[in-house]
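Q: Next comes upload_32.cif, mmCIF, C-alpha atoms and all ligand atoms:
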```
data_protein
loop_
_atom_site.label_atom_id
_atom_site.label_comp_id
_atom_site.auth_asym_id
_atom_site.auth_seq_id
_atom_site.Cartn_x
_atom_site.Cartn_y
_atom_site.Cartn_z
CA MET A 10 -36.03 -36.84 -162.49
CA SER A 11 -39.77 -37.51 -162.23
CA LEU A 12 -40.98 -38.32 -158.72
CA GLN A 13 -44.35 -39.89 -157.92
CA LEU A 14 -46.66 -38.43 -155.29
CA THR A 15 -48.26 -40.83 -152.81
CA PRO A 16 -52.12 -40.86 -152.87
CA ILE A 17 -52.23 -38.87 -149.62
CA ASP A 18 -49.82 -36.27 -151.02
CA ARG A 19 -51.91 -36.09 -154.19
CA ALA A 20 -55.01 -35.47 -152.06
CA LYS A 21 -53.26 -32.72 -150.10
CA TYR A 22 -51.78 -31.20 -153.23
CA ALA A 23 -55.14 -31.27 -155.04
CA ALA A 24 -56.78 -29.42 -152.13
CA ALA A 25 -53.87 -26.96 -152.04
CA ARG A 26 -54.07 -26.30 -155.79
CA ARG A 27 -57.81 -25.58 -155.60
CA ALA A 28 -57.33 -23.26 -152.64
CA VAL A 29 -54.62 -21.17 -154.28
CA ASP A 30 -57.04 -20.51 -157.16
CA LEU A 31 -58.84 -18.29 -154.61
CA VAL A 32 -55.80 -16.03 -154.40
CA GLU A 33 -55.95 -12.74 -156.32
CA ASP A 34 -53.31 -10.18 -157.23
CA GLY A 35 -52.48 -7.78 -154.38
CA MET A 36 -53.83 -10.00 -151.62
CA LYS A 37 -52.42 -10.24 -148.11
CA LEU A 38 -52.34 -13.90 -147.24
CA GLY A 39 -51.91 -16.02 -144.11
CA LEU A 40 -49.90 -19.18 -144.72
CA GLY A 41 -50.70 -22.17 -142.51
CA THR A 42 -48.39 -24.81 -141.08
CA GLY A 43 -48.07 -28.56 -141.67
CA SER A 44 -47.59 -30.91 -144.60
CA THR A 45 -50.81 -29.84 -146.38
CA ALA A 46 -50.00 -26.17 -145.90
CA ALA A 47 -46.51 -26.83 -147.29
CA TRP A 48 -48.14 -28.11 -150.50
CA MET A 49 -50.16 -24.92 -150.58
CA VAL A 50 -47.00 -22.78 -150.24
CA ARG A 51 -45.44 -24.67 -153.17
CA ALA A 52 -48.60 -24.33 -155.28
CA LEU A 53 -48.78 -20.64 -154.40
CA ALA A 54 -45.16 -20.04 -155.40
CA GLU A 55 -45.94 -21.79 -158.70
CA ARG A 56 -48.92 -19.46 -159.28
CA VAL A 57 -46.82 -16.40 -158.46
CA ARG A 58 -44.21 -17.54 -161.00
CA GLU A 59 -46.80 -18.27 -163.68
CA ASP A 60 -49.28 -15.43 -163.17
CA GLY A 61 -46.98 -12.75 -161.74
CA LEU A 62 -49.18 -12.19 -158.67
CA ARG A 63 -47.98 -9.57 -156.19
CA LEU A 64 -48.70 -10.97 -152.73
CA THR A 65 -47.80 -10.17 -149.16
CA CYS A 66 -47.68 -13.25 -146.94
CA VAL A 67 -47.70 -13.83 -143.19
CA ALA A 68 -46.44 -17.20 -141.96
CA THR A 69 -47.95 -19.07 -139.01
CA SER A 70 -44.63 -20.68 -138.07
CA ALA A 71 -40.91 -20.27 -138.58
CA ARG A 72 -40.80 -23.34 -140.83
CA THR A 73 -43.58 -22.08 -143.10
CA GLY A 74 -41.88 -18.69 -143.23
CA GLN A 75 -38.61 -20.33 -144.23
CA LEU A 76 -40.22 -22.43 -146.99
CA ALA A 77 -42.15 -19.46 -148.35
CA THR A 78 -39.05 -17.25 -148.38
CA GLU A 79 -36.98 -19.97 -150.07
CA LEU A 80 -39.64 -20.20 -152.79
CA GLY A 81 -39.50 -16.45 -153.39
CA LEU A 82 -42.70 -15.34 -151.63
CA LYS A 83 -42.69 -12.01 -149.82
CA VAL A 84 -43.09 -12.74 -146.09
CA VAL A 85 -43.72 -10.02 -143.51
CA THR A 86 -44.90 -10.04 -139.89
CA LEU A 87 -48.60 -9.85 -139.07
CA ASP A 88 -48.07 -6.40 -137.58
CA GLU A 89 -46.45 -5.21 -140.80
CA ALA A 90 -49.26 -6.68 -142.91
CA GLY A 91 -52.16 -5.53 -140.72
CA TRP A 92 -55.42 -7.21 -141.70
CA LEU A 93 -55.30 -10.19 -144.10
CA ASP A 94 -57.62 -11.08 -146.99
CA LEU A 95 -57.32 -14.84 -146.74
CA THR A 96 -55.61 -17.52 -144.67
CA ILE A 97 -55.17 -21.03 -146.05
CA ASP A 98 -54.22 -23.69 -143.52
CA GLY A 99 -54.51 -27.40 -142.78
CA ALA A 100 -56.34 -29.01 -139.85
CA ASP A 101 -56.15 -32.15 -137.77
CA GLU A 102 -59.93 -32.68 -137.61
CA PHE A 103 -63.02 -30.89 -138.87
CA ASP A 104 -66.74 -31.49 -138.40
CA THR A 105 -69.81 -30.50 -140.42
CA ASP A 106 -69.91 -27.01 -138.82
CA LEU A 107 -66.26 -26.57 -139.84
CA THR A 108 -65.19 -26.48 -136.23
CA LEU A 109 -61.57 -27.60 -136.21
CA ILE A 110 -58.92 -29.19 -134.07
CA LYS A 111 -55.54 -27.73 -134.96
CA GLY A 112 -52.08 -27.75 -133.44
CA GLY A 113 -50.80 -31.19 -134.38
CA GLY A 114 -47.79 -29.37 -135.78
CA GLY A 115 -47.51 -27.18 -132.70
CA ALA A 116 -48.39 -23.88 -134.36
CA LEU A 117 -51.94 -23.43 -133.04
CA LEU A 118 -51.33 -20.09 -131.33
CA MET A 119 -49.91 -18.29 -134.35
CA GLU A 120 -52.40 -20.11 -136.59
CA LYS A 121 -55.36 -18.88 -134.54
CA ILE A 122 -54.04 -15.31 -134.36
CA VAL A 123 -53.43 -15.20 -138.12
CA ALA A 124 -56.73 -16.89 -139.05
CA THR A 125 -58.75 -14.52 -136.88
CA ALA A 126 -56.93 -11.53 -138.39
CA SER A 127 -58.20 -12.56 -141.84
CA ASP A 128 -61.40 -11.84 -143.74
CA ARG A 129 -61.60 -15.50 -144.65
CA MET A 130 -60.04 -18.78 -143.54
CA VAL A 131 -60.01 -21.76 -145.88
CA VAL A 132 -58.93 -25.18 -144.63
CA ILE A 133 -57.26 -27.64 -146.98
CA THR A 134 -57.37 -31.30 -146.09
CA ASP A 135 -57.75 -34.87 -147.20
CA ALA A 136 -60.98 -36.71 -146.46
CA SER A 137 -59.55 -38.67 -143.50
CA LYS A 138 -59.75 -35.60 -141.24
CA GLU A 139 -63.54 -35.31 -141.37
CA VAL A 140 -65.34 -36.53 -138.20
CA LYS A 141 -68.90 -36.48 -136.88
CA THR A 142 -67.72 -35.49 -133.41
CA LEU A 143 -64.37 -33.87 -132.71
CA GLY A 144 -61.94 -35.40 -130.25
CA HIS A 145 -60.42 -38.48 -131.83
CA PHE A 146 -57.34 -36.35 -132.44
CA PRO A 147 -55.78 -35.25 -129.11
CA LEU A 148 -56.62 -31.60 -128.44
CA PRO A 149 -53.44 -29.47 -128.17
CA VAL A 150 -53.36 -26.81 -125.48
CA GLU A 151 -50.49 -24.32 -125.40
CA VAL A 152 -49.26 -23.40 -121.91
CA ILE A 153 -46.49 -21.11 -120.78
CA ARG A 154 -43.47 -22.92 -119.34
CA PHE A 155 -43.59 -21.19 -115.95
CA GLY A 156 -45.64 -23.40 -113.64
CA TRP A 157 -46.74 -25.69 -116.47
CA GLN A 158 -47.24 -28.60 -114.06
CA SER A 159 -49.85 -26.62 -112.11
CA SER A 160 -51.51 -25.67 -115.40
CA ARG A 161 -51.61 -29.36 -116.28
CA MET A 162 -53.06 -30.28 -112.87
CA LEU A 163 -55.74 -27.59 -113.13
CA THR A 164 -56.53 -28.69 -116.71
CA GLU A 165 -56.98 -32.29 -115.60
CA GLU A 166 -59.20 -31.19 -112.70
CA LEU A 167 -61.27 -29.15 -115.13
CA LEU A 168 -61.65 -32.12 -117.47
CA SER A 169 -62.73 -34.34 -114.55
CA ALA A 170 -65.41 -31.81 -113.65
CA MET A 171 -66.68 -31.64 -117.25
CA ASP A 172 -68.51 -34.26 -119.24
CA VAL A 173 -65.50 -35.50 -121.22
CA MET A 174 -64.17 -39.03 -121.52
CA GLY A 175 -60.42 -38.50 -121.18
CA THR A 176 -58.85 -36.48 -118.40
CA GLN A 177 -55.12 -36.96 -119.08
CA ALA A 178 -53.05 -34.01 -120.28
CA ALA A 179 -49.76 -35.25 -121.76
CA LEU A 180 -46.80 -32.93 -122.14
CA ARG A 181 -45.76 -33.05 -125.81
CA MET A 182 -42.19 -34.25 -126.18
CA ASN A 183 -39.55 -33.81 -128.85
CA GLY A 184 -37.42 -36.87 -128.17
CA GLU A 185 -36.13 -36.63 -124.61
CA THR A 186 -37.05 -32.97 -124.07
CA PRO A 187 -40.38 -31.11 -124.09
CA PHE A 188 -41.53 -29.75 -127.45
CA VAL A 189 -41.24 -25.95 -127.45
CA THR A 190 -43.45 -23.84 -129.73
CA ASP A 191 -42.21 -20.93 -131.83
CA GLU A 192 -43.52 -18.66 -129.06
CA GLY A 193 -41.44 -20.51 -126.44
CA ASN A 194 -44.31 -22.40 -124.80
CA TYR A 195 -45.14 -26.05 -124.05
CA ILE A 196 -48.05 -28.07 -125.40
CA LEU A 197 -50.35 -30.38 -123.45
CA ASP A 198 -52.18 -32.93 -125.60
CA LEU A 199 -55.61 -33.90 -124.25
CA ALA A 200 -56.78 -37.38 -125.29
CA LEU A 201 -60.49 -36.68 -124.94
CA GLY A 202 -62.04 -39.22 -127.29
CA ARG A 203 -65.11 -37.10 -127.86
CA ILE A 204 -65.77 -33.37 -127.48
CA GLY A 205 -69.52 -32.97 -126.93
CA ASN A 206 -69.47 -29.20 -126.48
CA PRO A 207 -66.41 -27.61 -128.15
CA ARG A 208 -67.44 -24.03 -127.32
CA GLN A 209 -67.86 -24.73 -123.60
CA LEU A 210 -64.60 -26.68 -123.46
CA SER A 211 -62.65 -24.01 -125.33
CA LEU A 212 -63.89 -21.23 -123.04
CA ALA A 213 -63.16 -23.28 -119.92
CA LEU A 214 -59.66 -24.29 -121.02
CA ASN A 215 -58.68 -20.71 -121.75
CA GLN A 216 -59.62 -19.76 -118.16
CA VAL A 217 -56.89 -22.01 -116.69
CA PRO A 218 -53.95 -19.88 -115.53
CA GLY A 219 -50.96 -20.54 -117.79
CA VAL A 220 -53.06 -21.69 -120.75
CA VAL A 221 -52.31 -19.42 -123.69
CA GLU A 222 -54.67 -20.96 -126.26
CA ASN A 223 -56.26 -24.24 -127.25
CA GLY A 224 -56.53 -25.95 -130.64
CA LEU A 225 -60.31 -25.66 -131.06
CA PHE A 226 -61.13 -23.28 -133.93
CA ILE A 227 -64.80 -22.30 -133.58
CA ASP A 228 -66.56 -19.97 -136.04
CA ILE A 229 -63.20 -19.21 -137.65
CA CYS A 230 -63.12 -21.45 -140.72
CA ASP A 231 -65.25 -20.27 -143.67
CA ALA A 232 -64.69 -23.06 -146.16
CA VAL A 233 -63.01 -26.42 -146.50
CA VAL A 234 -61.36 -27.87 -149.58
CA ILE A 235 -61.18 -31.66 -149.38
CA GLY A 236 -58.74 -33.33 -151.76
CA PHE A 237 -58.75 -36.93 -152.99
CA GLY A 238 -55.90 -39.05 -154.32
CA ASP A 239 -57.29 -39.05 -157.88
CA GLY A 240 -57.24 -35.25 -158.06
CA ARG A 241 -60.91 -34.68 -157.23
CA VAL A 242 -61.66 -31.81 -154.87
CA GLU A 243 -64.77 -30.86 -152.97
CA MET A 244 -65.13 -27.31 -151.71
CA ARG A 245 -67.75 -26.56 -149.03
CA ASP A 246 -68.58 -23.02 -147.99
CA ILE A 247 -70.20 -22.64 -144.58
CA ALA A 248 -71.91 -19.27 -145.20
CA SER A 249 -73.53 -20.05 -148.56
CA GLY A 250 -73.87 -23.78 -147.97
CA SER A 251 -72.52 -24.33 -151.48
CA VAL A 252 -70.65 -27.51 -152.40
CA GLU A 253 -68.49 -27.52 -155.56
CA HIS A 254 -66.70 -30.42 -157.19
CA GLU A 255 -63.74 -30.23 -159.54
CA LYS A 256 -60.85 -32.31 -160.75
CA ILE A 257 -57.26 -31.11 -160.60
CA VAL A 258 -54.90 -32.28 -163.35
CA PHE A 259 -51.38 -32.91 -162.07
CA GLU A 260 -49.50 -31.88 -165.19
CA ASP A 261 -47.05 -29.66 -163.29
CA GLU A 262 -45.99 -32.28 -160.74
CA ASP A 263 -42.37 -32.02 -161.89
CA ASN A 264 -42.39 -28.26 -161.36
CA ILE A 265 -43.62 -28.70 -157.81
CA PHE A 266 -40.93 -31.28 -157.06
CA ARG A 267 -38.29 -29.03 -158.59
CA ASP A 268 -38.70 -26.84 -155.49
CA ILE A 269 -38.45 -29.52 -152.80
O1 LIG A 301 -52.53 -27.35 -137.06
C1 LIG A 301 -51.55 -27.65 -137.69
C2 LIG A 301 -50.17 -27.31 -137.25
O2 LIG A 301 -50.18 -26.73 -135.98
C3 LIG A 301 -51.68 -28.35 -138.99
O3 LIG A 301 -52.46 -27.59 -139.84
C4 LIG A 301 -52.30 -29.68 -138.76
O4 LIG A 301 -51.51 -30.38 -137.82
C5 LIG A 301 -52.40 -30.49 -140.05
O5 LIG A 301 -51.14 -30.88 -140.47
P1 LIG A 301 -50.93 -31.79 -141.75
O6 LIG A 301 -51.38 -31.01 -142.93
O7 LIG A 301 -49.45 -32.09 -141.77
O8 LIG A 301 -51.75 -33.05 -141.54
#
```
Kindly present the structure from the file in structure tokens form.
A:
Amino acid sequence: MSLQLTPIDRAKYAAARRAVDLVEDGMKLGLGTGSTAAWMVRALAERVREDGLRLTCVATSARTGQLATELGLKVVTLDEAGWLDLTIDGADEFDTDLTLIKGGGGALLMEKIVATASDRMVVITDASKEVKTLGHFPLPVEVIRFGWQSSRMLTEELLSAMDVMGTQAALRMNGETPFVTDEGNYILDLALGRIGNPRQLSLALNQVPGVVENGLFIDICDAVVIGFGDGRVEMRDIASGSVEHEKIVFEDEDNIFRDI
């Protein structure tokens, strides 16, 4: 049966397809989390089938690990892999410096550890995630469960003392119960509106007792691949300043859907 991709899925898939072209035989790869990253895992499995690549992958969440394993990719722990060549992941927001907000899917801690243990991090996204100033998307902050309410109070006090618009830290829920990350922690979502100084905010947040990590990725992302619904992709590299355009042809759509 032939299934049709929605324009947003086409955009994500186009970005994913371009990004997996960066993968070479023998690489150790970090696999991101989220719907865009899931397209990348499918596109990667397709490349492995077609080109016989031998890869070692590290997943940034249990669900990515499960998908990758189901699709026949070799998944090991980060400690088993050691240093990685490349991590490909999605993002919730990115700006012109390729500073990111991540963690909408709740995997920010493992995502940051994996991305920073990689030579290169490439973000795949659709164009809607690009912003002039970060902060429209609520900033996720991972806190340990013990004493989380004091961590929230201290976080809100910190935000009041800083030049940020929003000061509310909402506990992320999963229905009636708090959302729990793969590492067993809670997430506070900060509705800030605008983050004028991401570096200062990130450093300050990580000083709050109980905060494990926040979703600001600063100086971590090397390139972004932006996909569009018609298959166009734009790839921007922060170090070289290069911008490349290409068009992805979706002739293997059925193969991708075969795996879902
Ligand atoms: O940071 C993330 C998960 O923690 C995701 O990369 C981010 O939420 C983007 O997800 P999607 O591709 O589904 O929009």
Q: Could the centre and edge lengths of an axis-aligned box, enclosing all atoms of range 140-159 of chain A in the file with 8 Å extra on each side, be given in Å to one decimal as JSON?
A:
```
{"center_x": -56.2, "center_y": -29.8, "center_z": -125.2, "size_x": 41.4, "size_y": 33.4, "size_z": 42.1}
```
Q: Do you know which residues are within 9 Å of ligand LIG 301 (chain A) using only C-alpha atoms and all ligand atoms? Can you write them as an MDAnalysis selection string?
A: chainID A and resid 21 41:48 69:70 98:102 110:120 132:135 138 149 224
Q: Keeping only C-alpha atoms, write the selected residues to a file as an mmCIF file, in the frame of the given file.
A:
```cif
data_model
loop_
_atom_site.group_PDB
_atom_site.id
_atom_site.type_symbol
_atom_site.label_atom_id
_atom_site.label_comp_id
_atom_site.auth_asym_id
_atom_site.auth_seq_id
_atom_site.Cartn_x
_atom_site.Cartn_y
_atom_site.Cartn_z
ATOM 1 C CA LYS A 21 -53.260 -32.720 -150.100
ATOM 2 C CA GLY A 41 -50.700 -22.170 -142.510
ATOM 3 C CA THR A 42 -48.390 -24.810 -141.080
ATOM 4 C CA GLY A 43 -48.070 -28.560 -141.670
ATOM 5 C CA SER A 44 -47.590 -30.910 -144.600
ATOM 6 C CA THR A 45 -50.810 -29.840 -146.380
ATOM 7 C CA ALA A 46 -50.000 -26.170 -145.900
ATOM 8 C CA ALA A 47 -46.510 -26.830 -147.290
ATOM 9 C CA TRP A 48 -48.140 -28.110 -150.500
ATOM 10 C CA THR A 69 -47.950 -19.070 -139.010
ATOM 11 C CA SER A 70 -44.630 -20.680 -138.070
ATOM 12 C CA ASP A 98 -54.220 -23.690 -143.520
ATOM 13 C CA GLY A 99 -54.510 -27.400 -142.780
ATOM 14 C CA ALA A 100 -56.340 -29.010 -139.850
ATOM 15 C CA ASP A 101 -56.150 -32.150 -137.770
ATOM 16 C CA GLU A 102 -59.930 -32.680 -137.610
ATOM 17 C CA ILE A 110 -58.920 -29.190 -134.070
ATOM 18 C CA LYS A 111 -55.540 -27.730 -134.960
ATOM 19 C CA GLY A 112 -52.080 -27.750 -133.440
ATOM 20 C CA GLY A 113 -50.800 -31.190 -134.380
ATOM 21 C CA GLY A 114 -47.790 -29.370 -135.780
ATOM 22 C CA GLY A 115 -47.510 -27.180 -132.700
ATOM 23 C CA ALA A 116 -48.390 -23.880 -134.360
ATOM 24 C CA LEU A 117 -51.940 -23.430 -133.040
ATOM 25 C CA LEU A 118 -51.330 -20.090 -131.330
ATOM 26 C CA MET A 119 -49.910 -18.290 -134.350
ATOM 27 C CA GLU A 120 -52.400 -20.110 -136.590
ATOM 28 C CA VAL A 132 -58.930 -25.180 -144.630
ATOM 29 C CA ILE A 133 -57.260 -27.640 -146.980
ATOM 30 C CA THR A 134 -57.370 -31.300 -146.090
ATOM 31 C CA ASP A 135 -57.750 -34.870 -147.200
ATOM 32 C CA LYS A 138 -59.750 -35.600 -141.240
ATOM 33 C CA PRO A 149 -53.440 -29.470 -128.170
ATOM 34 C CA GLY A 224 -56.530 -25.950 -130.640
#
```
Q: Which is closest to Phe188 in chain A among A:Lys83, A:Lys121, A:Arg154, A:Arg203, if we use all atoms listed in the file?
A: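 Counting all atoms listed in the file, the residue closest to Phe188 in chain A is A:Arg154.
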Q: Counting all atoms listed in the file, figure out which residue out of A:Leu109, A:Ala54, A:Val140, A:Leu167 gets nearest to Ala232 in chain A.
A: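 Looking at the shortest contact to Ala232 in chain A, the residue is A:Leu109.
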Q: Between CA of Ile229 in chain A and CA of Gln209 in chain A, what is the distance in Å, rounded to a tenth?
A: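 Separation between CA of Ile229 in chain A and CA of Gln209 in chain A: 15.8 Å.
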Q: For each of A:Gly156, A:Pro218, A:Gly81, A:Gly91, take the minimum atom-to-atom distance to Gly39 in chain A, counting only C-alpha atoms, then give the residue where this is smallest.
A: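 Between A:Gly156, A:Pro218, A:Gly81, A:Gly91, the residue approaching Gly39 in chain A most closely is A:Gly91.
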Q: Could you list, as a PDB file with C-alpha atoms, keeping the file's coordinate frame, every residue within 6 Å of Leu199 in chain A, counting all atoms listed in the file and ignoring same-chain residues fewer than 6 positions away?
A:
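Output file selection_17.pdb is given in full below:
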```
ATOM      1  CA  PRO A 147     -55.780 -35.250-129.110  1.00  0.00           C
ATOM      2  CA  LEU A 148     -56.620 -31.600-128.440  1.00  0.00           C
ATOM      3  CA  ALA A 178     -53.050 -34.010-120.280  1.00  0.00           C
TER       4      ALA A 178
END
```
Q: Do you know which residues are at most 6 Å from Ala52 in chain A counting all atoms listed in the file, after dropping those on the same chain fewer than 3 positions away, and could you put them as a PyMOL selection string?
A: chain A and resi 26+49+55
Q: Under the rule of at most 7 Å, produce a per-residue listing of range 19-97 of chain A near range 233-244 of chain A: chain, number, name, the closest pair of atoms, and the distance in Å, as a tab-separated table, using all atoms listed in the file.
A:
```
residue	atom	partner	partner_atom	distance
A:Arg19	CA	A:Gly238	CA	5.0
A:Ala20	CA	A:Phe237	CA	4.1
A:Lys21	CA	A:Gly236	CA	5.8
A:Ala23	CA	A:Gly236	CA	5.3
A:Ala24	CA	A:Gly236	CA	4.4
A:Ala28	CA	A:Val234	CA	6.8
```
Q: Measuring atom to atom with all atoms listed in the file, identify which of A:Asp30, A:Glu151, A:Glu139, A:Asp94 is nearest to Val220 in chain A.
A: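 Comparing A:Asp30, A:Glu151, A:Glu139, A:Asp94 against Val220 in chain A, the winner is A:Glu151.
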Q: Any idea what the distance is between CA of Ala179 in chain A and CA of Tyr195 in chain A?
A: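 If I compute the distance from CA of Ala179 in chain A to CA of Tyr195 in chain A, I get 10.5 Å.
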Q: Separation of CA of Phe155 in chain A and CA of Ser169 in chain A, in Å?
A: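 Atom-to-atom, CA of Phe155 in chain A and CA of Ser169 in chain A are spaced 23.3 Å apart.
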Q: Ranking A:Ala126, A:Met182, A:Leu107, A:Ile153 by minimum distance to Ile227 in chain A and counting all atoms listed in the file, which one comes first?
A: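 The answer is A:Leu107, which sits nearest to Ile227 in chain A.
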Q: Determine, counting all atoms listed in the file, which protein, DNA and RNA residues have an atom within 8 Å of an atom of Leu93 in chain A; residues of the same chain fewer than 4 positions away are not included. Present the result as a list in words.
A: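 Returned residues: Met36, Lys37, Leu38, Gly39, Ala126, Ser127 and Asp128 of chain A.
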Q: Could you check which residues have any atom within 12 Å of (-69.5, -29.8, -128.0), counting only C-alpha atoms with coordinates taken straight from the file, and then list them as a PyMOL selection string?
A: chain A and resi 104+106+108-109+141-144+171-173+201+203-212+225+227
Q: Give as a PDB file with C-alpha atoms, in the coordinates of the input every residue, naming chains and numbers as the document does, that has an atom within 7 Å of (-57.8, -34.9, -116.9), counting all atoms listed in the file.
A:
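Dumped everything to out.pdb:
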```pdb
ATOM      1  CA  THR A 164     -56.530 -28.690-116.710  1.00  0.00           C
ATOM      2  CA  GLU A 165     -56.980 -32.290-115.600  1.00  0.00           C
ATOM      3  CA  GLU A 166     -59.200 -31.190-112.700  1.00  0.00           C
ATOM      4  CA  LEU A 167     -61.270 -29.150-115.130  1.00  0.00           C
ATOM      5  CA  LEU A 168     -61.650 -32.120-117.470  1.00  0.00           C
ATOM      6  CA  SER A 169     -62.730 -34.340-114.550  1.00  0.00           C
ATOM      7  CA  GLY A 175     -60.420 -38.500-121.180  1.00  0.00           C
ATOM      8  CA  THR A 176     -58.850 -36.480-118.400  1.00  0.00           C
ATOM      9  CA  GLN A 177     -55.120 -36.960-119.080  1.00  0.00           C
ATOM     10  CA  ALA A 178     -53.050 -34.010-120.280  1.00  0.00           C
TER      11      ALA A 178
END
```
Q: Choose the residue, out of A:Gly250, A:Pro16, A:Gly61, A:Gly219, that has the smallest atom-to-atom separation from Leu82 in chain A; count only C-alpha atoms.
A: A:Gly61
Q: List the spatial neighbours of Glu79 in chain A as number ranges by chain - criterion: any atom at most 12 Å away, all atoms listed in the file, same-chain residues fewer than 2 positions off excluded.
A: A: 50-51, 54, 72-77, 81-84, 268-269
